[in-house]
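Here the structure is laid out as structure tokens; the discussion comes afterwards.
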Amino acid sequence: MAFQSGPFEAALATAAGEDGALQRELKTGFMESAERQLDLMRRSRCDANWQMAARRLHALAGGFHATQLMELAERALGGVPGDPAALREIETHLGEIGGRTTG
């Protein structure tokens, strides 16, 4: 799933206006929060922790209109703790949002 930046970038622009530094700061904060939730998902050993981290990731993505990440988090909700495919998809997508490639 290739990252479609339109809604995400529009949300950043709406929040920060023409202030490029603020846009970068918001994106950095988003990425740090998303990566924190991904880390919690990786370390989850029970359904409750997995579900909580996936729900938080879904809510964060929703706040920034990152619809593809919302879909991945929602899909993870139906999975089991530590699902390698779900974790890999989310990690790859976060890499695309952050402008880096993961392998």
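By order in the structure tokens, chains are A, B, ...; within a chain, residues start at 1; ligands start at 1, following the order shown.
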
ask   = Quick one: residues within 12 Å of Ala48 of chain A, only C-alpha atoms counted, chain neighbours fewer than 5 positions away excluded, as a VMD selection string?
value = chain A and resid 40 to 41 43 53 to 55 77 79 to 81

Can you write out the residues you just picked, keeping C-alpha atoms, as an mmCIF file, in the first residue's frame?
data_model
loop_
_atom_site.group_PDB
_atom_site.id
_atom_site.type_symbol
_atom_site.label_atom_id
_atom_site.label_comp_id
_atom_site.auth_asym_id
_atom_site.auth_seq_id
_atom_site.Cartn_x
_atom_site.Cartn_y
_atom_site.Cartn_z
ATOM 1 C CA LEU A 40 3.929 -1.150 22.593
ATOM 2 C CA MET A 41 2.279 -3.418 20.039
ATOM 3 C CA ARG A 43 5.921 -5.833 23.260
ATOM 4 C CA ALA A 53 -1.962 0.157 21.549
ATOM 5 C CA ALA A 54 -3.770 -0.503 18.251
ATOM 6 C CA ARG A 55 -6.710 1.673 19.348
ATOM 7 C CA LEU A 77 -7.289 -4.983 16.070
ATOM 8 C CA GLY A 79 -5.260 -9.913 14.855
ATOM 9 C CA VAL A 80 -3.361 -11.517 17.668
ATOM 10 C CA PRO A 81 -0.686 -9.906 19.852
#

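Note that the spacing between atom CA of His93 of chain A and atom CA of Arg42 of chain A amounts to 15.4 Å.
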
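Shortest separation to Ala15 of chain A among A:Phe30, A:Phe64, A:Asp39, A:Cys46 occurs at residue A:Phe64, atoms counted being only C-alpha atoms.
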
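Omitting Arg24 of chain A and its sequence neighbours fewer than 5 positions away, and counting only C-alpha atoms, the residues within 12 Å are Glu9, Leu12, Ala13, Ala15, Ala16, Gly17, Glu18, Asp19, Gly29, Phe30, Met31 and Gly98 of chain A.
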
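Going from atom CA of Glu74 of chain A over to atom CA of His58 of chain A, you cover 6.6 Å.
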
inquiry  = Give me, as a VMD selection string, the residues of segment 53-96 of chain A that a backbone DSSP run labels helix (DSSP H, G or I).
reply    = chain A and resid 53 to 63 67 to 77 84 to 96

Would you mind exporting N, CA and C atoms of the selected residues as a tab-separated table (two decimals), in the first residue's frame?
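Generated output (out.tsv):
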chain	number	residue	atom	x	y	z
A	53	ALA	N	-2.95	-0.51	22.39
A	53	ALA	CA	-1.96	0.16	21.55
A	53	ALA	C	-2.51	0.36	20.13
A	54	ALA	N	-3.20	-0.63	19.59
A	54	ALA	CA	-3.77	-0.50	18.25
A	54	ALA	C	-4.86	0.57	18.23
A	55	ARG	N	-5.66	0.64	19.27
A	55	ARG	CA	-6.71	1.67	19.35
A	55	ARG	C	-6.10	3.07	19.46
A	56	ARG	N	-5.04	3.19	20.24
A	56	ARG	CA	-4.37	4.49	20.35
A	56	ARG	C	-3.75	4.90	19.02
A	57	LEU	N	-3.16	3.95	18.33
A	57	LEU	CA	-2.59	4.24	17.02
A	57	LEU	C	-3.69	4.66	16.05
A	58	HIS	N	-4.82	3.98	16.10
A	58	HIS	CA	-5.96	4.31	15.24
A	58	HIS	C	-6.45	5.73	15.54
A	59	ALA	N	-6.57	6.08	16.82
A	59	ALA	CA	-7.03	7.41	17.21
A	59	ALA	C	-6.04	8.49	16.79
A	60	LEU	N	-4.75	8.24	16.98
A	60	LEU	CA	-3.73	9.19	16.55
A	60	LEU	C	-3.82	9.41	15.05
A	61	ALA	N	-3.91	8.32	14.30
A	61	ALA	CA	-4.00	8.43	12.84
A	61	ALA	C	-5.25	9.21	12.44
A	62	GLY	N	-6.35	8.97	13.13
A	62	GLY	CA	-7.59	9.68	12.83
A	62	GLY	C	-7.46	11.17	13.05
A	63	GLY	N	-6.75	11.56	14.09
A	63	GLY	CA	-6.56	12.97	14.38
A	63	GLY	C	-5.77	13.70	13.32
A	67	THR	N	-5.48	8.14	6.89
A	67	THR	CA	-6.49	7.09	6.71
A	67	THR	C	-5.89	5.71	6.47
A	68	GLN	N	-4.78	5.63	5.77
A	68	GLN	CA	-4.17	4.33	5.52
A	68	GLN	C	-3.65	3.71	6.83
A	69	LEU	N	-3.09	4.55	7.69
A	69	LEU	CA	-2.62	4.06	8.98
A	69	LEU	C	-3.80	3.65	9.85
A	70	MET	N	-4.90	4.38	9.75
A	70	MET	CA	-6.11	3.99	10.46
A	70	MET	C	-6.56	2.59	10.04
A	71	GLU	N	-6.53	2.34	8.75
A	71	GLU	CA	-6.93	1.02	8.22
A	71	GLU	C	-6.01	-0.07	8.75
A	72	LEU	N	-4.72	0.19	8.77
A	72	LEU	CA	-3.77	-0.81	9.27
A	72	LEU	C	-3.97	-1.08	10.75
A	73	ALA	N	-4.22	-0.03	11.52
A	73	ALA	CA	-4.46	-0.21	12.96
A	73	ALA	C	-5.76	-0.97	13.19
A	74	GLU	N	-6.77	-0.67	12.39
A	74	GLU	CA	-8.04	-1.38	12.51
A	74	GLU	C	-7.87	-2.85	12.17
A	75	ARG	N	-7.11	-3.12	11.13
A	75	ARG	CA	-6.84	-4.51	10.75
A	75	ARG	C	-6.09	-5.24	11.87
A	76	ALA	N	-5.16	-4.54	12.51
A	76	ALA	CA	-4.40	-5.14	13.61
A	76	ALA	C	-5.30	-5.49	14.78
A	77	LEU	N	-6.35	-4.70	14.98
A	77	LEU	CA	-7.29	-4.98	16.07
A	77	LEU	C	-7.90	-6.37	15.95
A	84	PRO	N	3.17	-10.66	13.20
A	84	PRO	CA	4.30	-10.11	12.45
A	84	PRO	C	3.88	-9.38	11.18
A	85	ALA	N	2.84	-9.85	10.52
A	85	ALA	CA	2.40	-9.18	9.29
A	85	ALA	C	1.85	-7.80	9.61
A	86	ALA	N	1.04	-7.68	10.64
A	86	ALA	CA	0.47	-6.39	11.02
A	86	ALA	C	1.57	-5.42	11.44
A	87	LEU	N	2.51	-5.90	12.24
A	87	LEU	CA	3.60	-5.05	12.69
A	87	LEU	C	4.46	-4.57	11.52
A	88	ARG	N	4.75	-5.47	10.60
A	88	ARG	CA	5.56	-5.14	9.43
A	88	ARG	C	4.86	-4.09	8.56
A	89	GLU	N	3.55	-4.27	8.34
A	89	GLU	CA	2.80	-3.32	7.51
A	89	GLU	C	2.78	-1.93	8.15
A	90	ILE	N	2.57	-1.88	9.45
A	90	ILE	CA	2.53	-0.59	10.14
A	90	ILE	C	3.91	0.06	10.12
A	91	GLU	N	4.95	-0.72	10.38
A	91	GLU	CA	6.31	-0.19	10.37
A	91	GLU	C	6.68	0.34	8.99
A	92	THR	N	6.34	-0.40	7.96
A	92	THR	CA	6.63	0.04	6.59
A	92	THR	C	5.89	1.33	6.28
A	93	HIS	N	4.63	1.38	6.67
A	93	HIS	CA	3.84	2.58	6.38
A	93	HIS	C	4.38	3.79	7.14
A	94	LEU	N	4.77	3.61	8.40
A	94	LEU	CA	5.35	4.71	9.14
A	94	LEU	C	6.65	5.18	8.49
A	95	GLY	N	7.41	4.25	7.95
A	95	GLY	CA	8.62	4.62	7.22
A	95	GLY	C	8.31	5.47	6.01
A	96	GLU	N	7.23	5.15	5.32
A	96	GLU	CA	6.82	5.94	4.16
A	96	GLU	C	6.37	7.34	4.59

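When atom CA of Leu26 of chain A is paired with atom CA of Gly78 of chain A, their separation reads 29.3 Å.
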